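work-v3.cif (mmCIF, C-alpha atoms)
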```cif
data_work
#
loop_
_atom_site.label_atom_id
_atom_site.label_comp_id
_atom_site.auth_asym_id
_atom_site.auth_seq_id
_atom_site.Cartn_x
_atom_site.Cartn_y
_atom_site.Cartn_z
CA MET A 981 -6.78 -15.04 1.14
CA LEU A 982 -3.35 -14.45 2.72
CA GLN A 983 -3.11 -18.09 3.72
CA ASP A 984 -4.29 -19.19 0.27
CA SER A 985 -1.27 -17.32 -1.10
CA GLY A 986 1.12 -19.22 1.17
CA PHE A 987 1.52 -16.70 4.01
CA THR A 988 1.62 -17.81 7.65
CA ASP A 989 1.67 -16.18 11.10
CA VAL A 990 -1.09 -13.72 10.20
CA VAL A 991 -1.65 -10.95 12.77
CA ILE A 992 -4.41 -8.33 12.58
CA GLY A 993 -4.21 -5.06 14.50
CA GLU A 994 -6.89 -2.98 16.15
CA ALA A 995 -9.56 -1.29 14.04
CA VAL A 996 -8.96 2.37 13.20
CA ASP A 997 -11.75 4.80 12.34
CA THR A 998 -10.19 5.74 9.04
CA PHE A 999 -13.16 7.62 7.57
CA GLY A 1000 -14.57 9.31 10.69
CA GLY A 1001 -15.34 12.93 9.90
CA ALA A 1002 -14.56 12.53 6.20
CA LYS A 1003 -17.04 12.72 3.32
CA GLY A 1004 -16.93 8.94 3.06
CA GLU A 1005 -18.02 8.40 6.66
CA ASP A 1006 -21.66 7.57 5.87
CA ASN A 1007 -20.73 4.79 3.44
CA ALA A 1008 -18.12 3.50 5.87
CA ARG A 1009 -20.64 3.37 8.72
CA ALA A 1010 -23.19 1.61 6.52
CA PHE A 1011 -20.85 -1.36 6.08
CA ASP A 1012 -18.76 -1.12 9.27
CA VAL A 1013 -15.66 -0.21 7.30
CA TYR A 1014 -12.51 0.36 9.34
CA GLY A 1015 -8.80 0.36 8.68
CA TYR A 1016 -6.60 -2.44 10.00
CA ALA A 1017 -2.91 -3.24 10.08
CA PHE A 1018 -2.02 -6.76 8.96
CA MET A 1019 1.20 -8.69 9.26
CA ALA A 1020 2.04 -12.05 7.70
CA ARG A 1021 5.15 -14.01 6.90
CA ARG A 1022 6.47 -15.90 3.91
CA PRO A 1023 7.49 -19.25 5.46
CA PRO A 1024 11.27 -19.63 5.86
CA LYS A 1025 11.33 -22.86 3.86
CA SER A 1026 8.79 -21.88 1.24
CA PRO A 1027 9.45 -22.74 -2.42
CA ALA A 1028 10.91 -20.18 -4.80
CA SER A 1029 7.48 -18.69 -5.38
CA GLY A 1030 3.95 -19.34 -4.22
CA ASP A 1031 2.71 -17.55 -7.31
CA ARG A 1032 0.89 -19.89 -9.61
CA ARG A 1033 0.23 -17.17 -12.17
CA ARG A 1034 3.61 -15.36 -12.28
CA ALA A 1035 2.31 -11.91 -13.09
CA GLY A 1036 5.62 -10.20 -13.72
CA ARG A 1037 9.37 -10.69 -13.97
CA TRP A 1038 12.06 -8.12 -13.38
CA VAL A 1039 15.69 -8.12 -12.35
CA MET A 1040 17.20 -5.40 -10.19
CA ARG A 1041 20.56 -3.98 -11.23
CA MET B 976 -12.87 -8.92 -18.11
CA ALA B 977 -10.61 -11.36 -16.31
CA GLN B 978 -12.42 -14.49 -15.19
CA ASP B 979 -14.27 -14.34 -11.84
CA LEU B 980 -13.26 -10.73 -11.08
CA PRO B 981 -16.00 -8.35 -9.94
CA VAL B 982 -14.82 -5.46 -12.13
CA ASP B 983 -12.53 -5.00 -15.10
CA PRO B 984 -8.97 -4.46 -13.76
CA ASP B 985 -7.92 -1.97 -16.46
CA THR B 986 -11.05 0.13 -16.08
CA LEU B 987 -10.58 0.18 -12.33
CA ARG B 988 -6.92 1.20 -12.74
CA GLN B 989 -7.97 4.15 -14.89
CA GLN B 990 -10.39 5.30 -12.21
CA VAL B 991 -7.80 4.88 -9.47
CA ARG B 992 -5.20 6.80 -11.49
CA GLY B 993 -7.68 9.62 -12.00
CA LYS B 994 -8.51 9.85 -8.32
CA TYR B 995 -4.91 9.76 -7.09
CA ARG B 996 -3.75 12.15 -9.80
CA GLU B 997 -6.03 14.66 -8.03
CA VAL B 998 -4.52 13.75 -4.66
CA ALA B 999 -1.01 14.31 -6.04
CA LEU B 1000 -1.74 17.63 -7.76
CA ASP B 1001 -4.31 19.13 -5.38
CA PRO B 1002 -3.89 17.45 -1.99
CA GLY B 1003 -5.84 20.18 -0.22
CA ALA B 1004 -9.02 19.40 -2.17
CA SER B 1005 -11.94 17.63 -0.52
CA PHE B 1006 -11.98 13.85 -0.94
CA HIS B 1007 -14.11 11.11 0.59
CA PHE B 1008 -11.07 10.20 2.71
CA HIS B 1009 -8.71 12.21 4.91
CA THR B 1010 -5.23 13.16 3.72
CA GLY B 1011 -1.95 14.55 4.99
CA ARG B 1012 -0.66 15.20 8.49
CA GLY B 1013 -4.11 15.04 10.10
CA LEU B 1014 -4.61 11.57 8.69
CA ALA B 1015 -1.17 10.41 9.81
CA SER B 1016 -1.99 11.54 13.34
CA ARG B 1017 -5.41 9.82 13.23
CA LEU B 1018 -3.76 6.57 12.16
CA GLY B 1019 -1.21 6.61 14.97
CA TYR B 1020 2.03 7.38 13.19
CA GLU B 1021 4.81 8.53 15.51
CA ALA B 1022 4.67 12.31 15.57
CA GLY B 1023 8.43 12.73 15.55
CA GLU B 1024 8.81 10.71 12.36
CA VAL B 1025 6.05 12.64 10.60
CA ASP B 1026 7.21 16.04 11.86
CA ALA B 1027 10.65 15.35 10.43
CA LEU B 1028 9.24 15.24 6.89
CA PRO B 1029 8.51 18.28 4.71
CA ASP B 1030 4.93 19.07 3.73
CA ARG B 1031 5.29 17.74 0.20
CA ALA B 1032 6.22 14.30 1.60
CA VAL B 1033 3.07 14.15 3.72
CA GLU B 1034 0.34 16.22 2.02
CA SER B 1035 -0.68 13.54 -0.51
CA PHE B 1036 -0.72 10.72 2.04
CA ALA B 1037 -4.05 8.90 1.75
CA GLY B 1038 -3.51 5.64 3.64
CA VAL B 1039 -6.10 3.83 5.72
CA GLY B 1040 -3.99 2.45 8.58
CA ASN B 1041 -0.44 2.23 9.89
CA PRO B 1042 1.65 -0.62 8.43
CA PHE B 1043 4.36 0.05 11.04
CA SER B 1044 2.04 -0.34 14.04
CA LEU B 1045 2.51 -4.10 14.47
CA ARG B 1046 6.25 -4.09 13.90
CA ARG B 1047 8.82 -1.34 13.44
CA LEU B 1048 11.23 -1.93 10.55
CA ALA B 1049 14.79 -2.87 11.45
CA PRO B 1050 17.96 -1.07 10.35
CA GLY B 1051 19.35 -2.45 7.12
CA GLU B 1052 16.15 -4.06 5.87
CA ARG B 1053 15.19 -4.02 2.20
CA VAL B 1054 11.65 -2.80 1.73
CA VAL B 1055 9.15 -2.69 -1.13
CA ASP B 1056 6.23 -0.24 -0.81
CA VAL B 1057 3.38 -1.40 -3.05
CA GLY B 1058 1.35 1.62 -4.16
CA SER B 1059 3.74 4.18 -2.75
CA GLY B 1060 1.75 7.23 -3.89
CA GLY B 1061 3.41 10.48 -2.86
CA GLY B 1062 6.01 8.48 -0.94
CA PHE B 1063 4.98 9.09 2.66
CA ASP B 1064 5.23 5.48 3.88
CA SER B 1065 8.42 4.97 1.86
CA PHE B 1066 10.00 7.94 3.63
CA ILE B 1067 8.91 6.63 7.04
CA ALA B 1068 10.37 3.25 6.07
CA ALA B 1069 13.59 4.92 4.90
CA ALA B 1070 14.01 6.54 8.30
CA GLN B 1071 13.44 3.25 10.10
CA VAL B 1072 15.79 1.12 7.98
CA GLY B 1073 18.44 3.84 7.85
CA PRO B 1074 21.06 4.43 5.16
CA GLY B 1075 22.14 0.79 5.31
CA GLY B 1076 18.70 -0.31 4.17
CA HIS B 1077 16.92 0.18 0.88
CA VAL B 1078 13.36 1.18 -0.03
CA VAL B 1079 11.71 0.69 -3.42
CA GLY B 1080 8.34 2.35 -3.92
CA ILE B 1081 6.06 1.12 -6.70
CA ASP B 1082 3.21 3.16 -8.15
CA MET B 1083 1.22 3.37 -11.38
CA THR B 1084 0.22 7.06 -11.26
CA ALA B 1085 2.71 9.30 -13.06
CA GLU B 1086 1.95 12.38 -10.97
CA MET B 1087 2.54 10.47 -7.74
CA LEU B 1088 5.83 9.06 -9.06
CA ASP B 1089 6.99 12.52 -10.10
CA LYS B 1090 6.16 13.89 -6.69
CA SER B 1091 7.80 11.11 -4.69
CA ARG B 1092 10.96 11.15 -6.83
CA GLN B 1093 11.34 14.92 -6.48
CA THR B 1094 10.84 14.68 -2.72
CA ALA B 1095 13.40 11.89 -2.38
CA ALA B 1096 15.90 13.97 -4.37
CA ALA B 1097 15.21 17.06 -2.27
CA LEU B 1098 15.74 15.03 0.91
CA GLY B 1099 18.95 13.51 -0.47
CA LEU B 1100 17.73 9.98 0.18
CA GLY B 1101 20.05 7.79 -1.84
CA HIS B 1102 18.57 4.58 -0.44
CA VAL B 1103 15.03 5.27 -1.73
CA GLN B 1104 13.84 4.90 -5.29
CA PHE B 1105 10.47 4.88 -6.99
CA ARG B 1106 9.49 2.71 -9.95
CA ASP B 1107 6.53 2.66 -12.30
CA GLY B 1108 4.64 -0.59 -11.90
CA LEU B 1109 1.52 -2.47 -10.88
CA ALA B 1110 0.76 -4.35 -7.70
CA GLU B 1111 -0.01 -7.38 -9.89
CA ALA B 1112 3.39 -7.13 -11.64
CA ILE B 1113 5.87 -5.70 -9.14
CA PRO B 1114 9.12 -4.60 -10.83
CA VAL B 1115 11.40 -6.23 -8.26
CA GLU B 1116 13.34 -9.46 -8.53
CA ASP B 1117 12.36 -12.68 -6.75
CA ALA B 1118 13.03 -12.87 -2.99
CA TRP B 1119 14.70 -9.44 -2.84
CA ALA B 1120 12.67 -7.89 -0.02
CA ASP B 1121 12.89 -8.41 3.71
CA VAL B 1122 9.60 -6.56 4.10
CA VAL B 1123 6.76 -5.53 1.82
CA ILE B 1124 4.56 -2.68 3.00
CA SER B 1125 1.37 -1.29 1.50
CA ASN B 1126 -1.35 1.07 2.67
CA GLY B 1127 -4.88 1.30 1.32
CA VAL B 1128 -3.91 -0.11 -2.05
CA ILE B 1129 -4.87 -3.78 -2.19
CA ASN B 1130 -8.56 -2.96 -1.71
CA LEU B 1131 -8.31 -0.97 -4.94
CA CYS B 1132 -7.03 -3.96 -6.93
CA ALA B 1133 -9.55 -6.19 -8.69
CA ASP B 1134 -7.42 -9.36 -8.48
CA LYS B 1135 -6.23 -9.47 -4.88
CA GLN B 1136 -4.97 -13.04 -5.15
CA ALA B 1137 -2.61 -11.95 -7.94
CA VAL B 1138 -1.35 -9.11 -5.75
CA PHE B 1139 -0.63 -11.41 -2.80
CA ALA B 1140 1.09 -13.88 -5.13
CA GLU B 1141 3.37 -11.11 -6.41
CA ILE B 1142 4.16 -9.94 -2.88
CA PHE B 1143 4.99 -13.52 -1.92
CA ARG B 1144 7.35 -13.73 -4.91
CA VAL B 1145 9.34 -10.59 -4.08
CA LEU B 1146 9.68 -11.45 -0.38
CA ARG B 1147 12.62 -13.55 0.71
CA PRO B 1148 11.71 -16.76 2.56
CA GLY B 1149 11.01 -15.66 6.11
CA GLY B 1150 10.25 -12.11 4.98
CA ARG B 1151 7.25 -10.16 6.24
CA LEU B 1152 4.26 -8.50 4.66
CA GLN B 1153 3.13 -5.49 6.73
CA PHE B 1154 0.17 -3.71 5.23
CA ALA B 1155 -2.83 -1.65 6.17
CA ASP B 1156 -6.17 -1.81 4.44
CA ILE B 1157 -9.88 -1.46 4.98
CA ALA B 1158 -12.25 -4.29 5.78
CA ASN B 1159 -16.02 -4.24 6.12
CA GLY B 1160 -17.90 -5.79 9.03
CA ARG B 1161 -21.15 -6.10 7.09
CA PRO B 1162 -21.50 -7.74 3.69
CA VAL B 1163 -21.60 -5.46 0.68
CA PRO B 1164 -24.37 -6.38 -1.81
CA ALA B 1165 -23.12 -8.10 -4.95
CA GLY B 1166 -24.51 -5.32 -7.11
CA ALA B 1167 -22.49 -2.75 -5.22
CA VAL B 1168 -19.33 -4.84 -5.52
CA ARG B 1169 -19.76 -4.81 -9.30
CA ASP B 1170 -20.38 -1.05 -9.39
CA ILE B 1171 -16.93 0.24 -10.32
CA ASP B 1172 -17.78 3.82 -9.34
CA LEU B 1173 -18.10 2.73 -5.71
CA TRP B 1174 -14.54 1.35 -5.63
CA THR B 1175 -12.93 4.78 -5.69
CA GLY B 1176 -15.69 7.07 -4.47
#
```
Rendering of file as structure tokens:
Amino acid sequence: MLQDSGFTDVVIGEAVDTFGGAKGEDNARAFDVYGYAFMARRPPKSPASGDRRRAGRWVMR
Amino acid sequence: MAQDLPVDPDTLRQQVRGKYREVALDPGASFHFHTGRGLASRLGYEAGEVDALPDRAVESFAGVGNPFSLRRLAPGERVVDVGSGGGFDSFIAAAQVGPGGHVVGIDMTAEMLDKSRQTAAALGLGHVQFRDGLAEAIPVEDAWADVVISNGVINLCADKQAVFAEIFRVLRPGGRLQFADIANGRPVPAGAVRDIDLWTG
């Protein structure tokens, strides 16, 4: 999905037991749910926007 | 319902707002996820950076990973925090980029925005601001950000492709997306994916 959006150089970190000991642990265990850190890059020479749907526009002061 | 989405985005947003309103107003309550300083420690945040923050900056933290674990932010960087909640990751980012940088947190839950804004004011952080907005319509101009961070938010959005497209738009060419989120190792049945109550509980 990241690459479909135009991102490159995708890195995924180690799994973290986010829900261990919490009330949601049983559901997390049932589907092997863990937390991960992700990193990806917008290519340096990418076009003005990879967004084909243009969800919002805003200009910072 | 938007085409091809498993749940209605507006209905899901209402459920997410309700859940995180509770986390903002009563962070000591029992949720299906961990919160606060214990969670930050579990996820590997640097103790010194967390210890430097007051309780109100940390108590409503409900992330699922550490977006700074793969790369520390650099001084002077401009950062957008998508789904900034009570502001914890924005305040960590603010410390890493320093006063020469800038952090813009985006959230859709009024109680979280109130909390994060009050904390930023109390800390005297002039380079941090919080704006009302959606992950699918980020209120930041094109190519403004050096880095976009997010933590446990994209999994709560029905249209993830729209979210990634918006993040791509606000990043400058060469900019980085650093986020944390959950992923499942076993497939979730289609019926469960369409059960909106399971998205937040």
Considering all atoms listed in the file, give me a table of residues in stretch 1009-1083 of chain B that are at most 10 Å from stretch 1107-1119 of chain B, with the closest atom pair and distance in Å for each, as a Markdown table.
```
| residue | atom | partner | partner_atom | distance |
| --- | --- | --- | --- | --- |
| B:Arg1053 | CA | B:Trp1119 | CA | 7.4 |
| B:Val1054 | CA | B:Trp1119 | CA | 8.6 |
| B:Val1055 | CA | B:Val1115 | CA | 8.3 |
| B:Asp1056 | CA | B:Ala1110 | CA | 9.7 |
| B:Val1057 | CA | B:Ala1110 | CA | 6.1 |
| B:Gly1058 | CA | B:Ala1110 | CA | 7.0 |
| B:Val1079 | CA | B:Val1115 | CA | 8.5 |
| B:Gly1080 | CA | B:Asp1107 | CA | 8.6 |
| B:Ile1081 | CA | B:Gly1108 | CA | 5.7 |
| B:Asp1082 | CA | B:Asp1107 | CA | 5.3 |
| B:Met1083 | CA | B:Gly1108 | CA | 5.3 |
```
Within 8 Å of chain A, which residues of chain B come that close, and what is the closest atom pair and distance in Å for each? Count all atoms listed in the file and give it as CSV.
```
residue,atom,partner,partner_atom,distance
B:Phe1006,CA,A:Lys1003,CA,6.7
B:His1007,CA,A:Lys1003,CA,4.3
B:Phe1008,CA,A:Ala1002,CA,5.5
B:His1009,CA,A:Ala1002,CA,6.0
B:Arg1017,CA,A:Thr998,CA,7.6
B:Leu1018,CA,A:Val996,CA,6.8
B:Val1039,CA,A:Gly1015,CA,5.3
B:Gly1040,CA,A:Gly1015,CA,5.2
B:Asn1041,CA,A:Ala1017,CA,6.0
B:Pro1042,CA,A:Ala1017,CA,5.5
B:Ser1044,CA,A:Ala1017,CA,7.0
B:Leu1045,CA,A:Gly993,CA,6.8
B:Glu1111,CA,A:Ala1035,CA,6.0
B:Ala1112,CA,A:Gly1036,CA,4.3
B:Ile1113,CA,A:Gly1036,CA,6.4
B:Pro1114,CA,A:Trp1038,CA,5.2
B:Val1115,CA,A:Trp1038,CA,5.5
B:Glu1116,CA,A:Val1039,CA,4.7
B:Asp1117,CA,A:Ser1029,CA,7.9
B:Ala1118,CA,A:Ala1028,CA,7.8
B:Gln1136,CA,A:Met981,CA,6.8
B:Ala1137,CA,A:Ala1035,CA,7.1
B:Phe1139,CA,A:Ser985,CA,6.2
B:Ala1140,CA,A:Asp1031,CA,4.6
B:Glu1141,CA,A:Asp1031,CA,6.5
B:Phe1143,CA,A:Gly1030,CA,6.3
B:Arg1144,CA,A:Ser1029,CA,5.0
B:Leu1146,CA,A:Arg1022,CA,7.0
B:Arg1147,CA,A:Arg1022,CA,7.3
B:Pro1148,CA,A:Pro1024,CA,4.4
B:Gly1149,CA,A:Pro1024,CA,4.0
B:Gly1150,CA,A:Arg1022,CA,5.5
B:Arg1151,CA,A:Arg1021,CA,4.4
B:Leu1152,CA,A:Ala1020,CA,5.2
B:Gln1153,CA,A:Met1019,CA,4.5
B:Phe1154,CA,A:Phe1018,CA,5.3
B:Ala1155,CA,A:Ala1017,CA,4.2
B:Asp1156,CA,A:Gly1015,CA,5.4
B:Ile1157,CA,A:Gly1015,CA,4.3
B:Ala1158,CA,A:Val1013,CA,5.5
B:Asn1159,CA,A:Val1013,CA,4.2
B:Gly1160,CA,A:Asp1012,CA,4.8
B:Arg1161,CA,A:Phe1011,CA,4.9
B:Pro1162,CA,A:Phe1011,CA,6.8
B:Val1163,CA,A:Phe1011,CA,6.8
B:Gly1176,CA,A:Gly1004,CA,7.9
```
How many Å separate atom CA of B:Ala1004 from atom CA of B:Lys1090?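 Atom-to-atom, atom CA of B:Ala1004 and atom CA of B:Lys1090 are spaced 16.8 Å apart.
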One decimal, in Å: what's the spacing between atom CA of B:His1077 and atom CA of B:Ile1124?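 Computing the Euclidean distance for atom CA of B:His1077 and atom CA of B:Ile1124 yields 12.9 Å.
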Atom pair atom CA of B:Arg992 / atom CA of B:Ser1035: separation (Å): 13.7 Å
Nearby residues, (15.4, 8.4, 8.6) file frame, 10 Å, only C-alpha atoms, as a list of chain:residue names: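 Collected hits near the coordinates: B:Glu1024, B:Ala1027, B:Leu1028, B:Pro1050, B:Phe1066, B:Ile1067, B:Ala1068, B:Ala1069, B:Ala1070, B:Gln1071, B:Val1072, B:Gly1073, B:Pro1074, B:Leu1100.
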Generate the missing atoms of stretch 991-1003 of chain A up to N, CA and C atoms and report them as a compact mmCIF listing (two decimals), keeping the file's coordinate frame.
```txt
# COMPACT_ATOMS: atom_id res chain seq x y z
N VAL A 991 -1.26 -11.76 11.61
CA VAL A 991 -1.65 -10.95 12.77
C VAL A 991 -2.48 -9.77 12.26
N ILE A 992 -3.56 -9.47 12.96
CA ILE A 992 -4.41 -8.33 12.58
C ILE A 992 -4.47 -7.36 13.75
N GLY A 993 -4.22 -6.09 13.47
CA GLY A 993 -4.21 -5.06 14.50
C GLY A 993 -5.59 -4.55 14.84
N GLU A 994 -5.63 -3.58 15.72
CA GLU A 994 -6.89 -2.98 16.15
C GLU A 994 -7.52 -2.17 15.00
N ALA A 995 -8.85 -2.10 15.03
CA ALA A 995 -9.56 -1.29 14.04
C ALA A 995 -9.28 0.20 14.26
N VAL A 996 -9.16 0.92 13.16
CA VAL A 996 -8.96 2.37 13.20
C VAL A 996 -10.10 3.03 12.43
N ASP A 997 -10.64 4.10 12.99
CA ASP A 997 -11.75 4.80 12.34
C ASP A 997 -11.21 5.69 11.23
N THR A 998 -10.87 5.06 10.15
CA THR A 998 -10.19 5.74 9.04
C THR A 998 -11.02 6.88 8.44
N PHE A 999 -12.33 6.67 8.31
CA PHE A 999 -13.16 7.62 7.57
C PHE A 999 -13.96 8.56 8.48
N GLY A 1000 -13.81 8.45 9.78
CA GLY A 1000 -14.57 9.31 10.69
C GLY A 1000 -14.35 10.78 10.41
N GLY A 1001 -15.44 11.50 10.17
CA GLY A 1001 -15.34 12.93 9.90
C GLY A 1001 -15.04 13.28 8.45
N ALA A 1002 -14.81 12.28 7.62
CA ALA A 1002 -14.56 12.53 6.20
C ALA A 1002 -15.86 12.39 5.41
N LYS A 1003 -15.83 12.81 4.14
CA LYS A 1003 -17.04 12.72 3.32
C LYS A 1003 -17.50 11.27 3.13
```
